[in-house]
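I have placed the structure first, in the form of C-alpha cells, so that the comments after it can refer back to it.
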Amino acid sequence: MDFPVYTPSSGSNGTPATAQPPTAALSGVDVDEDVPIFSIERVQLQFQISSLAAMAVSNNILYLAVASGRILRIDLNNPQDIEDIELPKLKAPGTGNVKNIFLDRTGSHLLITTTTAENFYLNLRTSRAKQLSRMKGNIITSVAWNPTEPSSSTKEILVGTADGKVIETYIEPSDEFFKREERYSKLVWRTPGGVAVDGLFVELLPGKPDMRRLIAATSGRLWHWVSKIVRHAPGDYSPTFTKFFDDEEAAVHVDFAPSARSLLSISPENESFMDDRSFAWLNESGIYYGKLYTAPTTPDLGTVIFQDSKLYPESNLPSSSTPISCITLTKYHALILRDNQILAVNLLDSTIVFDERLPYSDKFLGLTSDIKNSTYWAYSSDSIYEITVTNEDRDIWRIYLSQSRFDEAQRLAKTPRERDAVAVANGEFLLENKSYLEAANILGKSSKPFESVAIQLMEKKKTDALRRYLIVKLGGYKPSHMMQRTMLASWIVEVFMEKLNSLEDSMATRESEKTTEPEEKGKPNGVNGESNGLFDKPKKKHAAENGVSADIKKIKEEFQEFVTRHKNDLDRKTTYDIISSHGRQEELLYYANSVNDYSFVLSYWVRLEKWSEALTVLRKQNEPDIYYKYSTVLLVNCPKETIDTWMRMPELQSRKLIPAILSYSLTVPSGDQNQAIRYLLYAINSLKSRDAAVHNTLISIYASDKSKDETALLEYLQFHDIERCYDTDFALRLCIKHERVQSCIFIYSSMGLYEEAVDLALQHDNVELASVVADRPGDNASLRKKLWLRVAQKVINKEHGIKSAIEFLKRCELLKIEDLLPFFPDFVVIDDFKEEICAALEEYSRNIDQLRKEMDESAKTSETIRADINSLSTRFAIVEPGERCYICSFPLLSRQFYVFPCQHSFHGDCLINKVAEISNPRVRRKITQLQLEAQKSGGAISDDLDALVAAECILCGPYMINSIDEQFVDEKDKELAAEWDL
C-alpha cells in the first residue's frame, strides 16, 4: 500500500509553524497588523485517509489513528519517513474500533483505547503495539502523564476511565513475550456517582519535590488537589498516589450544571512565556478558564485559582445550532471547534479574533495541540489541518494596558513606540494615584513632554519625585547631548541643595522647640520630680528627629553618588555658584574633590587656617603648580609636614620653592631646626640637583644663621669642593658679610687665591689654618714658599722665643735659615739660632758633593753613547740564499729589500704597500707623496720614506700589537670565511 507523505504548510520548513514574532518586530519596526494571527492550512497527503478516528501531536511526533486499527506515525522533522503500525487484535471483523489515543508531552509514549475496552501501548522506539492486559475492560478517557517527562518508561501515570475510575499505572516496554508491560495498575480514586473522568493533569510545584498538583474534570465538576505523594527508593515499583486522595481538605472543586460534554485543556509550555500556564474547561455553561498559579503550595491553591477564574459563556459566540465540541489553548487564546467552524477567543478581553468555517462538506472531529512546540491542529475523518499562529502576542500589550496591567504590557511591547506608550500610560496612572516616585522613574524613560511632567511635580511640591525624574531623564540623554545633560545636572544639584536646606531647617526648628519648652523652676517634671504630662516631650518627636537625621544622611549620600557619576556633565563655575548660594560648604568641598579641583579645596582650608586638612588635600594631587602656589603659607605655618609633603613629590622643581624657603627662613626662631635645610639637602643629595640657585640658597641659610658654628657650612663646601654647583663669588660675599672666616678661607683656597686665604687667616691670628692653606699648592713650590714666608713672618713676630718659632717653621722643608733672617729683629743674638746656621752650611756642603758626583756620572754616560754610535756603522745582517719575502713569499734577492734586526726581511715595495695599508690616512698620504718624489728623482728611496716604512718591523713591532682586534679573515672573502665557520 502507499504511505501518506506530509507536505508542510507554508513557512514551516518541514516543522510545524510556531508563533514566532517576525523579524520586523525584533528590529523595532512596527509589525504589519494586516497579517492575521490565525490561519488554517490543509496538510497535503499523497494518498486518501478515511475513517480517521483520532489524532495526537507532541514534540513534533504526529500520530493518526484509523478506526480500523492502523496507527500512522510521522516525525515532522523528517516527514518523508512514515510508519504504519497495526493493532494486533483489531484485524478481525467485530473486534471493535479505535476510540481515542493519548500521547505524552515527549512524544515517546502512546496509549490507544478501543470501543470494546481494549487498550494498547506503543513506544516511540518500537513499531509494535502491545496490549495492556491489566487495563482490559476500561475505556480510557484521559491520562495525566508523569511531569518528569520520562523516555524509557512512563513512570507513574494516572489514567481516567469512562466509568469514573482513576488508575495509577507504571508502563515499561519489554521485549519478552510473556512479560506484561504494566508493572502495576492500582485504583487510587473513583468519582462520585461513577461519572467519566474527562480530563486529568498532574504537575510539579516549585520547591516541593513531594507535592503534586492534580486537576480532574468530570461532568459538571472541576477538581483541584494539592497533596503529597509517597516517594519510594530506587527499584521499588509501588504506587505513589495511594494516600494522595485520602486528605479531603486537599481537594477543592467548582460545580456547574452536569453536561454530556466535558473537556480539559492546558496551555502550551513555553520557556519565553513568563506567565503561569492557563487551563480551560469546557462544560454545559461555556468555557471556564483561569491561571494555574504555583503559589501557595498548600491545598488553598485551588481556592485561589477558582476565585480568579472566569466563565466565557457560549452565548457570547456567534449563534449556531451546533454546540462546542472541542477546545484547545494557545498562550492567550482559546481555539473553539463546533461542526466545521473554528473560532479563536482572546481570553484576556473575551474578543473573537478569528472565525472561519471550512467550505468542505466533512465535519471536524477534534482539535489537538503540541504543548512542547506550540503548534495546533484540527482533523476530520479524511483530512488534517494545521492552524498556524503568527505573532500571537502582538496586540496583547494593548489589552494589558487597557486593564492597567502595565508590567505585563511592558514585557510584551516589542517596538520602542509600544514600550513608550506603555510607559506614558503607566506614569500617568501612578501620578493620578499619587505614587510620585514610581511615576518619576517611569516617566523619565518615556516621551511624555519634559515640561509637562516637571511642572506637575513642582506644583505638587514633590521635590523628591522631581529629583528622581530629572536623574532618570538625565540618564536617557546620550553623551553627545552636552547642553541638555549640563542643564539637567545643574537643576538636579539645585534640587539637592534645596532638599538638604529644607531638612536641616526642619531639624533646627525641632531643636529650637525642644530648648524653649517651659519648665517649672527647680521641678521640671512636677512637684515630686515625676512627669506631670503637660510638657513632656512625646516619644514621636524623638523618632521624628531621628528620621530627619537619617533623611539628611541619605540625601547627602545620594548627592555624593550623583556627583561622582555625573561630574563630567556639570559645569564647574555654575555648580560652585549653585552650591555656594545655598551655603552648603560640605557639599561644595565634596564636589571640588570629585572634580579634582584641589586649588579650590586648598584655598578653602587655607582661609580657615586648617593646615593639616590643606596638606591632606595637597597630597592627593600631582599638579606642581598647586604646590608652588601654596608653598609659602603652608611652609610658614606648618613647616615639618609641608617639607614631608614636598619630599613625597620628586617632580617638584626646587628652584620654584626658593621664595617660600627664604620667607620661611626669616621666621625661624633661634634654636629651632630650619626645616628648609632638610628639603634643600634632600634636593641636592637625593634628587641630585645641580641648580646653582638651590645651592646658593642653602649656603645663604647656613651663612646667615645666628649661630657662630660653621660646621654645617664647611661640611657642605668640602663635600662640593671638586664639583662646585654654587656661585663662588656669591658664597664668598655672604661669608664675608656674616664673618664666616673659615668658610671664606676655604672658598679662597678652592678658587686658588691662596695668598688672600693666608692673609685672611693671619689677620684673625689663625696661624695654624694659615699654615694648612700654605701647604695646599703642593705642586707650586715657589708659591708655597711665598705663602710660608708670610706665615713665618707672622710666627716670628708673634712668638716671643726664637727657638719655638724656628721649630714651628720646620714644618715646611722649603724654608731655609737664610730666608728667615730678614724677619728676625736686629737685636737678636746669633747664638739663638747658631745650630740652625751650622746645619744649613752642612746641608749646602752635602749638596755640592752630590752635584759633583752626578757630573762625573754624566761624563761617563756620554762616552758610552759616543762609542755605541761609532759601532753602528759596522753592524750587518746575513741573508741566506733562497730566503723569501715575508709578505709576498717570493725570493728576497730578486729586488730591493729591507732586513730588520729581528731577521724579518721584506721587499721594499711590499713593505711600503703594507705600511701604507695599516697606517692612518695622514701617514698614507705622506708615503704616497714621498713615492712620487722618489720616482721623479730616478727611483731612489729618500731618507724620509725610509724612516717611515723601516722604523720598525711590521711582524713583531707596535704595528702587530695594534692589529690585535682585526679579524683573521676578510669578510669580503666569503669562501675563506666559510672555512672558519664552526
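The chains in the C-alpha cells are called A, B, ... from first to last as shown; in each chain the residues are counted from 1, and the ligands are counted from 1 in the order shown.
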Query raised in the report: Which residues in stretch 139-354 of chain A does DSSP call strand (DSSP E or B)? List them as a VMD selection string.
Result: chain A and resid 140 to 144 156 to 161 165 to 171 182 to 190 197 to 205 208 to 218 221 to 228 251 to 255 263 to 266 278 to 282 286 to 291 310 to 313 326 to 329 333 to 338 341 to 346 352 to 354
DSSP-assigned helix (DSSP H, G or I) among stretch 312-410 of chain A, expressed as a JSON list (two decimals) with N, CA, C and O atoms, in the first residue's frame:
```json
[["chain", "number", "residue", "atom", "x", "y", "z"],
["A", 314, "GLU", "N", -21.08, 30.38, 26.33],
["A", 314, "GLU", "CA", -21.18, 30.01, 24.92],
["A", 314, "GLU", "C", -22.05, 30.97, 24.15],
["A", 314, "GLU", "O", -21.89, 31.13, 22.93],
["A", 315, "SER", "N", -22.90, 31.66, 24.87],
["A", 315, "SER", "CA", -23.80, 32.61, 24.21],
["A", 315, "SER", "C", -23.05, 33.81, 23.63],
["A", 315, "SER", "O", -23.59, 34.53, 22.79],
["A", 316, "ASN", "N", -21.79, 34.05, 24.08],
["A", 316, "ASN", "CA", -21.01, 35.16, 23.53],
["A", 316, "ASN", "C", -20.52, 34.89, 22.11],
["A", 316, "ASN", "O", -20.08, 35.80, 21.42],
["A", 396, "ILE", "N", -1.45, 41.92, 22.53],
["A", 396, "ILE", "CA", -1.74, 41.61, 23.94],
["A", 396, "ILE", "C", -1.33, 42.76, 24.84],
["A", 396, "ILE", "O", -2.00, 43.05, 25.84],
["A", 397, "TRP", "N", -0.27, 43.47, 24.46],
["A", 397, "TRP", "CA", 0.16, 44.58, 25.32],
["A", 397, "TRP", "C", -0.90, 45.66, 25.42],
["A", 397, "TRP", "O", -1.05, 46.31, 26.46],
["A", 398, "ARG", "N", -1.68, 45.85, 24.33],
["A", 398, "ARG", "CA", -2.73, 46.85, 24.37],
["A", 398, "ARG", "C", -3.83, 46.42, 25.35],
["A", 398, "ARG", "O", -4.40, 47.26, 26.07],
["A", 399, "ILE", "N", -4.09, 45.13, 25.38],
["A", 399, "ILE", "CA", -5.12, 44.63, 26.30],
["A", 399, "ILE", "C", -4.66, 44.81, 27.74],
["A", 399, "ILE", "O", -5.42, 45.30, 28.59],
["A", 400, "TYR", "N", -3.44, 44.42, 28.00],
["A", 400, "TYR", "CA", -2.90, 44.61, 29.36],
["A", 400, "TYR", "C", -2.89, 46.09, 29.72],
["A", 400, "TYR", "O", -3.16, 46.47, 30.87],
["A", 401, "LEU", "N", -2.58, 46.92, 28.75],
["A", 401, "LEU", "CA", -2.55, 48.36, 29.01],
["A", 401, "LEU", "C", -3.93, 48.88, 29.36],
["A", 401, "LEU", "O", -4.09, 49.68, 30.30],
["A", 402, "SER", "N", -4.94, 48.41, 28.64],
["A", 402, "SER", "CA", -6.32, 48.85, 28.94],
["A", 402, "SER", "C", -6.78, 48.34, 30.30],
["A", 402, "SER", "O", -7.66, 48.94, 30.92],
["A", 406, "PHE", "N", 0.43, 47.09, 33.71],
["A", 406, "PHE", "CA", 1.50, 47.74, 32.99],
["A", 406, "PHE", "C", 2.76, 46.89, 32.89],
["A", 406, "PHE", "O", 3.48, 46.96, 31.89],
["A", 407, "ASP", "N", 3.05, 46.11, 33.90],
["A", 407, "ASP", "CA", 4.25, 45.27, 33.84],
["A", 407, "ASP", "C", 4.15, 44.26, 32.71],
["A", 407, "ASP", "O", 5.10, 44.05, 31.94],
["A", 408, "GLU", "N", 2.97, 43.60, 32.62],
["A", 408, "GLU", "CA", 2.78, 42.64, 31.53],
["A", 408, "GLU", "C", 2.79, 43.33, 30.17],
["A", 408, "GLU", "O", 3.36, 42.82, 29.20],
["A", 409, "ALA", "N", 2.20, 44.52, 30.10],
["A", 409, "ALA", "CA", 2.17, 45.25, 28.84],
["A", 409, "ALA", "C", 3.59, 45.65, 28.42],
["A", 409, "ALA", "O", 3.95, 45.53, 27.24],
["A", 410, "GLN", "N", 4.40, 46.10, 29.35],
["A", 410, "GLN", "CA", 5.76, 46.50, 29.02],
["A", 410, "GLN", "C", 6.59, 45.30, 28.57],
["A", 410, "GLN", "O", 7.42, 45.40, 27.66]]
```
**Report entry** All residues 12 Å or closer to A:Lys620, only C-alpha atoms, same chain fewer than 2 positions away omitted, as a VMD selection string
**Finding:** chain A and resid 593 to 594 596 to 599 601 to 602 613 to 618 622 to 624 626 to 627 645 648 to 649
Can I get the selection written as a PDB file, in the first residue's frame, with N, CA and C atoms?
```pdb
ATOM      1  N   ASN A 593      36.444  68.134  45.381  1.00  0.00           N
ATOM      2  CA  ASN A 593      37.307  66.953  45.443  1.00  0.00           C
ATOM      3  C   ASN A 593      36.996  65.982  44.320  1.00  0.00           C
ATOM      4  N   SER A 594      35.718  65.857  43.980  1.00  0.00           N
ATOM      5  CA  SER A 594      35.322  64.911  42.939  1.00  0.00           C
ATOM      6  C   SER A 594      35.880  65.302  41.583  1.00  0.00           C
ATOM      7  N   ASN A 596      38.550  67.002  41.188  1.00  0.00           N
ATOM      8  CA  ASN A 596      39.988  67.218  41.366  1.00  0.00           C
ATOM      9  C   ASN A 596      40.367  68.700  41.305  1.00  0.00           C
ATOM     10  N   ASP A 597      39.479  69.551  41.798  1.00  0.00           N
ATOM     11  CA  ASP A 597      39.772  70.985  41.860  1.00  0.00           C
ATOM     12  C   ASP A 597      40.466  71.269  43.192  1.00  0.00           C
ATOM     13  N   TYR A 598      41.694  70.823  43.302  1.00  0.00           N
ATOM     14  CA  TYR A 598      42.410  70.926  44.564  1.00  0.00           C
ATOM     15  C   TYR A 598      42.731  72.372  44.919  1.00  0.00           C
ATOM     16  N   SER A 599      42.845  73.201  43.919  1.00  0.00           N
ATOM     17  CA  SER A 599      43.114  74.608  44.195  1.00  0.00           C
ATOM     18  C   SER A 599      41.976  75.217  45.007  1.00  0.00           C
ATOM     19  N   VAL A 601      39.781  73.568  46.932  1.00  0.00           N
ATOM     20  CA  VAL A 601      39.741  72.962  48.272  1.00  0.00           C
ATOM     21  C   VAL A 601      40.855  73.505  49.144  1.00  0.00           C
ATOM     22  N   LEU A 602      42.033  73.639  48.562  1.00  0.00           N
ATOM     23  CA  LEU A 602      43.149  74.162  49.340  1.00  0.00           C
ATOM     24  C   LEU A 602      42.896  75.593  49.797  1.00  0.00           C
ATOM     25  N   GLU A 613      44.391  69.731  57.184  1.00  0.00           N
ATOM     26  CA  GLU A 613      43.446  69.385  56.133  1.00  0.00           C
ATOM     27  C   GLU A 613      43.956  69.842  54.766  1.00  0.00           C
ATOM     28  N   ALA A 614      44.564  71.032  54.747  1.00  0.00           N
ATOM     29  CA  ALA A 614      45.095  71.532  53.481  1.00  0.00           C
ATOM     30  C   ALA A 614      46.202  70.622  52.949  1.00  0.00           C
ATOM     31  N   LEU A 615      47.075  70.175  53.849  1.00  0.00           N
ATOM     32  CA  LEU A 615      48.146  69.280  53.412  1.00  0.00           C
ATOM     33  C   LEU A 615      47.602  67.928  52.979  1.00  0.00           C
ATOM     34  N   THR A 616      46.562  67.469  53.641  1.00  0.00           N
ATOM     35  CA  THR A 616      45.944  66.198  53.228  1.00  0.00           C
ATOM     36  C   THR A 616      45.420  66.291  51.800  1.00  0.00           C
ATOM     37  N   VAL A 617      44.784  67.398  51.473  1.00  0.00           N
ATOM     38  CA  VAL A 617      44.295  67.601  50.107  1.00  0.00           C
ATOM     39  C   VAL A 617      45.459  67.731  49.136  1.00  0.00           C
ATOM     40  N   LEU A 618      46.497  68.423  49.561  1.00  0.00           N
ATOM     41  CA  LEU A 618      47.645  68.637  48.685  1.00  0.00           C
ATOM     42  C   LEU A 618      48.301  67.310  48.300  1.00  0.00           C
ATOM     43  N   ASN A 622      48.743  65.748  41.920  1.00  0.00           N
ATOM     44  CA  ASN A 622      50.083  65.703  41.356  1.00  0.00           C
ATOM     45  C   ASN A 622      50.398  66.914  40.480  1.00  0.00           C
ATOM     46  N   GLU A 623      49.665  67.996  40.686  1.00  0.00           N
ATOM     47  CA  GLU A 623      49.911  69.202  39.910  1.00  0.00           C
ATOM     48  C   GLU A 623      50.942  70.070  40.631  1.00  0.00           C
ATOM     49  N   PRO A 624      52.143  70.215  40.092  1.00  0.00           N
ATOM     50  CA  PRO A 624      53.172  71.008  40.784  1.00  0.00           C
ATOM     51  C   PRO A 624      52.770  72.463  41.011  1.00  0.00           C
ATOM     52  N   ILE A 626      50.053  73.695  41.994  1.00  0.00           N
ATOM     53  CA  ILE A 626      49.339  73.847  43.267  1.00  0.00           C
ATOM     54  C   ILE A 626      50.337  73.911  44.422  1.00  0.00           C
ATOM     55  N   TYR A 627      51.368  73.098  44.367  1.00  0.00           N
ATOM     56  CA  TYR A 627      52.402  73.112  45.406  1.00  0.00           C
ATOM     57  C   TYR A 627      53.091  74.474  45.445  1.00  0.00           C
ATOM     58  N   THR A 645      55.637  66.713  52.777  1.00  0.00           N
ATOM     59  CA  THR A 645      54.800  66.634  51.573  1.00  0.00           C
ATOM     60  C   THR A 645      55.606  66.919  50.325  1.00  0.00           C
ATOM     61  N   ARG A 648      57.668  64.004  49.181  1.00  0.00           N
ATOM     62  CA  ARG A 648      56.914  62.919  48.542  1.00  0.00           C
ATOM     63  C   ARG A 648      56.621  63.205  47.078  1.00  0.00           C
ATOM     64  N   MET A 649      56.981  64.394  46.627  1.00  0.00           N
ATOM     65  CA  MET A 649      56.677  64.821  45.259  1.00  0.00           C
ATOM     66  C   MET A 649      57.993  65.168  44.572  1.00  0.00           C
TER      67      MET A 649
END
```
Report task. For A:Val548, work out the shell of residues within 12 Å, counting only C-alpha atoms and skipping chain neighbours fewer than 2 positions away, then give it as number ranges by chain. Result -> A: 499-511, 541-546, 550-555
Write a file of the selected residues as a JSON list (two decimals), in the first residue's frame, keeping N, CA, C and O atoms.
```json
[["chain", "number", "residue", "atom", "x", "y", "z"],
["A", 499, "LYS", "N", 16.64, 70.54, 49.06],
["A", 499, "LYS", "CA", 16.17, 69.47, 49.94],
["A", 499, "LYS", "C", 16.99, 69.42, 51.22],
["A", 499, "LYS", "O", 16.43, 69.30, 52.32],
["A", 500, "LEU", "N", 18.30, 69.53, 51.11],
["A", 500, "LEU", "CA", 19.14, 69.48, 52.30],
["A", 500, "LEU", "C", 18.87, 70.66, 53.22],
["A", 500, "LEU", "O", 18.77, 70.50, 54.45],
["A", 501, "ASN", "N", 18.74, 71.84, 52.66],
["A", 501, "ASN", "CA", 18.43, 73.01, 53.50],
["A", 501, "ASN", "C", 17.08, 72.87, 54.17],
["A", 501, "ASN", "O", 16.90, 73.25, 55.33],
["A", 502, "SER", "N", 16.11, 72.33, 53.43],
["A", 502, "SER", "CA", 14.78, 72.13, 54.00],
["A", 502, "SER", "C", 14.82, 71.17, 55.17],
["A", 502, "SER", "O", 14.22, 71.43, 56.23],
["A", 503, "LEU", "N", 15.55, 70.06, 55.02],
["A", 503, "LEU", "CA", 15.65, 69.09, 56.11],
["A", 503, "LEU", "C", 16.38, 69.68, 57.30],
["A", 503, "LEU", "O", 15.97, 69.46, 58.46],
["A", 504, "GLU", "N", 17.45, 70.40, 57.06],
["A", 504, "GLU", "CA", 18.19, 70.98, 58.18],
["A", 504, "GLU", "C", 17.39, 72.08, 58.87],
["A", 504, "GLU", "O", 17.48, 72.23, 60.10],
["A", 505, "ASP", "N", 16.61, 72.82, 58.11],
["A", 505, "ASP", "CA", 15.73, 73.82, 58.73],
["A", 505, "ASP", "C", 14.70, 73.14, 59.62],
["A", 505, "ASP", "O", 14.39, 73.62, 60.71],
["A", 506, "SER", "N", 14.18, 72.04, 59.14],
["A", 506, "SER", "CA", 13.20, 71.29, 59.93],
["A", 506, "SER", "C", 13.82, 70.79, 61.23],
["A", 506, "SER", "O", 13.22, 70.89, 62.30],
["A", 507, "MET", "N", 15.05, 70.27, 61.14],
["A", 507, "MET", "CA", 15.72, 69.78, 62.35],
["A", 507, "MET", "C", 16.03, 70.93, 63.30],
["A", 507, "MET", "O", 15.88, 70.79, 64.53],
["A", 508, "ALA", "N", 16.46, 72.06, 62.75],
["A", 508, "ALA", "CA", 16.75, 73.20, 63.60],
["A", 508, "ALA", "C", 15.50, 73.69, 64.31],
["A", 508, "ALA", "O", 15.53, 74.09, 65.50],
["A", 509, "THR", "N", 14.36, 73.67, 63.62],
["A", 509, "THR", "CA", 13.09, 74.08, 64.24],
["A", 509, "THR", "C", 12.74, 73.16, 65.40],
["A", 509, "THR", "O", 12.30, 73.62, 66.47],
["A", 510, "ARG", "N", 12.93, 71.86, 65.18],
["A", 510, "ARG", "CA", 12.64, 70.91, 66.27],
["A", 510, "ARG", "C", 13.56, 71.13, 67.46],
["A", 510, "ARG", "O", 13.13, 71.05, 68.61],
["A", 511, "GLU", "N", 14.82, 71.40, 67.18],
["A", 511, "GLU", "CA", 15.74, 71.66, 68.28],
["A", 511, "GLU", "C", 15.36, 72.93, 69.03],
["A", 511, "GLU", "O", 15.45, 73.01, 70.26],
["A", 541, "LYS", "N", 8.42, 62.68, 68.86],
["A", 541, "LYS", "CA", 9.32, 63.76, 68.47],
["A", 541, "LYS", "C", 10.73, 63.23, 68.34],
["A", 541, "LYS", "O", 11.47, 63.59, 67.42],
["A", 542, "HIS", "N", 11.14, 62.32, 69.27],
["A", 542, "HIS", "CA", 12.46, 61.72, 69.14],
["A", 542, "HIS", "C", 12.56, 60.93, 67.85],
["A", 542, "HIS", "O", 13.56, 61.00, 67.13],
["A", 543, "ALA", "N", 11.54, 60.18, 67.55],
["A", 543, "ALA", "CA", 11.55, 59.38, 66.32],
["A", 543, "ALA", "C", 11.61, 60.28, 65.09],
["A", 543, "ALA", "O", 12.29, 59.98, 64.10],
["A", 544, "ALA", "N", 10.87, 61.41, 65.15],
["A", 544, "ALA", "CA", 10.87, 62.33, 64.01],
["A", 544, "ALA", "C", 12.26, 62.93, 63.80],
["A", 544, "ALA", "O", 12.73, 63.06, 62.68],
["A", 545, "GLU", "N", 12.92, 63.31, 64.93],
["A", 545, "GLU", "CA", 14.27, 63.87, 64.80],
["A", 545, "GLU", "C", 15.23, 62.85, 64.22],
["A", 545, "GLU", "O", 16.05, 63.17, 63.34],
["A", 546, "ASN", "N", 15.13, 61.62, 64.69],
["A", 546, "ASN", "CA", 16.00, 60.58, 64.14],
["A", 546, "ASN", "C", 15.70, 60.35, 62.67],
["A", 546, "ASN", "O", 16.60, 60.10, 61.86],
["A", 550, "ALA", "N", 18.29, 60.83, 59.60],
["A", 550, "ALA", "CA", 18.54, 59.75, 58.63],
["A", 550, "ALA", "C", 18.27, 60.22, 57.21],
["A", 550, "ALA", "O", 19.00, 59.85, 56.27],
["A", 551, "ASP", "N", 17.24, 61.06, 57.04],
["A", 551, "ASP", "CA", 16.94, 61.58, 55.70],
["A", 551, "ASP", "C", 18.08, 62.46, 55.19],
["A", 551, "ASP", "O", 18.45, 62.40, 54.00],
["A", 552, "ILE", "N", 18.61, 63.29, 56.07],
["A", 552, "ILE", "CA", 19.74, 64.15, 55.67],
["A", 552, "ILE", "C", 20.93, 63.31, 55.23],
["A", 552, "ILE", "O", 21.56, 63.57, 54.20],
["A", 553, "LYS", "N", 21.23, 62.29, 56.01],
["A", 553, "LYS", "CA", 22.34, 61.41, 55.66],
["A", 553, "LYS", "C", 22.11, 60.73, 54.32],
["A", 553, "LYS", "O", 23.00, 60.64, 53.48],
["A", 554, "LYS", "N", 20.88, 60.28, 54.12],
["A", 554, "LYS", "CA", 20.55, 59.59, 52.87],
["A", 554, "LYS", "C", 20.67, 60.53, 51.67],
["A", 554, "LYS", "O", 21.23, 60.17, 50.62],
["A", 555, "ILE", "N", 20.15, 61.76, 51.82],
["A", 555, "ILE", "CA", 20.20, 62.71, 50.70],
["A", 555, "ILE", "C", 21.65, 63.08, 50.39],
["A", 555, "ILE", "O", 22.04, 63.23, 49.23]]
```
Query - Shortest interatomic distance to A:Thr116 - which of A:Gln131, A:Thr486, A:Asn138, A:Asn60, counting only C-alpha atoms - result: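 Checking each candidate against A:Thr116, we get A:Asn138 as the closest.
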**Report entry** Test item: residues at most 12 Å from A:Asp236, only C-alpha atoms, excluding those fewer than 5 positions along its chain, as an MDAnalysis selection string
**Finding:** chainID A and resid 155:156 170 183:184 230:231
Query - Residue neighbourhood A:Thr667, 10 Å, only C-alpha atoms, exclusion window fewer than 5 positions, as number ranges by chain - result: A: 636-637, 662, 674
Each residue of stretch 282-401 of chain A lying at most 7 Å from stretch 32-55 of chain A should get a row with its shortest atom-to-atom pair and the distance in Å to one decimal, counting only C-alpha atoms; could you produce that, ordered by chain and increasing number, as a Markdown table?
```
| residue | atom | partner | partner_atom | distance |
| --- | --- | --- | --- | --- |
| A:Phe354 | CA | A:Phe38 | CA | 6.6 |
| A:Ser380 | CA | A:Leu52 | CA | 6.9 |
| A:Ser381 | CA | A:Leu52 | CA | 4.4 |
| A:Asp382 | CA | A:Ser50 | CA | 4.7 |
| A:Ser383 | CA | A:Ile49 | CA | 6.9 |
| A:Ile384 | CA | A:Val43 | CA | 5.8 |
| A:Tyr385 | CA | A:Arg42 | CA | 4.4 |
| A:Glu386 | CA | A:Glu41 | CA | 5.4 |
| A:Ile387 | CA | A:Ile40 | CA | 4.6 |
| A:Thr388 | CA | A:Ser39 | CA | 5.4 |
| A:Val389 | CA | A:Phe38 | CA | 4.9 |
| A:Thr390 | CA | A:Ile37 | CA | 4.8 |
| A:Asn391 | CA | A:Ile37 | CA | 6.3 |
| A:Glu392 | CA | A:Ile37 | CA | 5.8 |
```
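Interatomic distance, atom CA of A:Gly107 against atom CA of A:Leu263: 21.2 Å.
Note that atom CA of A:Leu634 and atom CA of A:Ser612 are 9.4 Å apart.
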Report task. Can you work out the spacing between atom CA of A:Arg924 and atom CA of A:Ala951 in Å, to one decimal? Result -> 14.8 Å
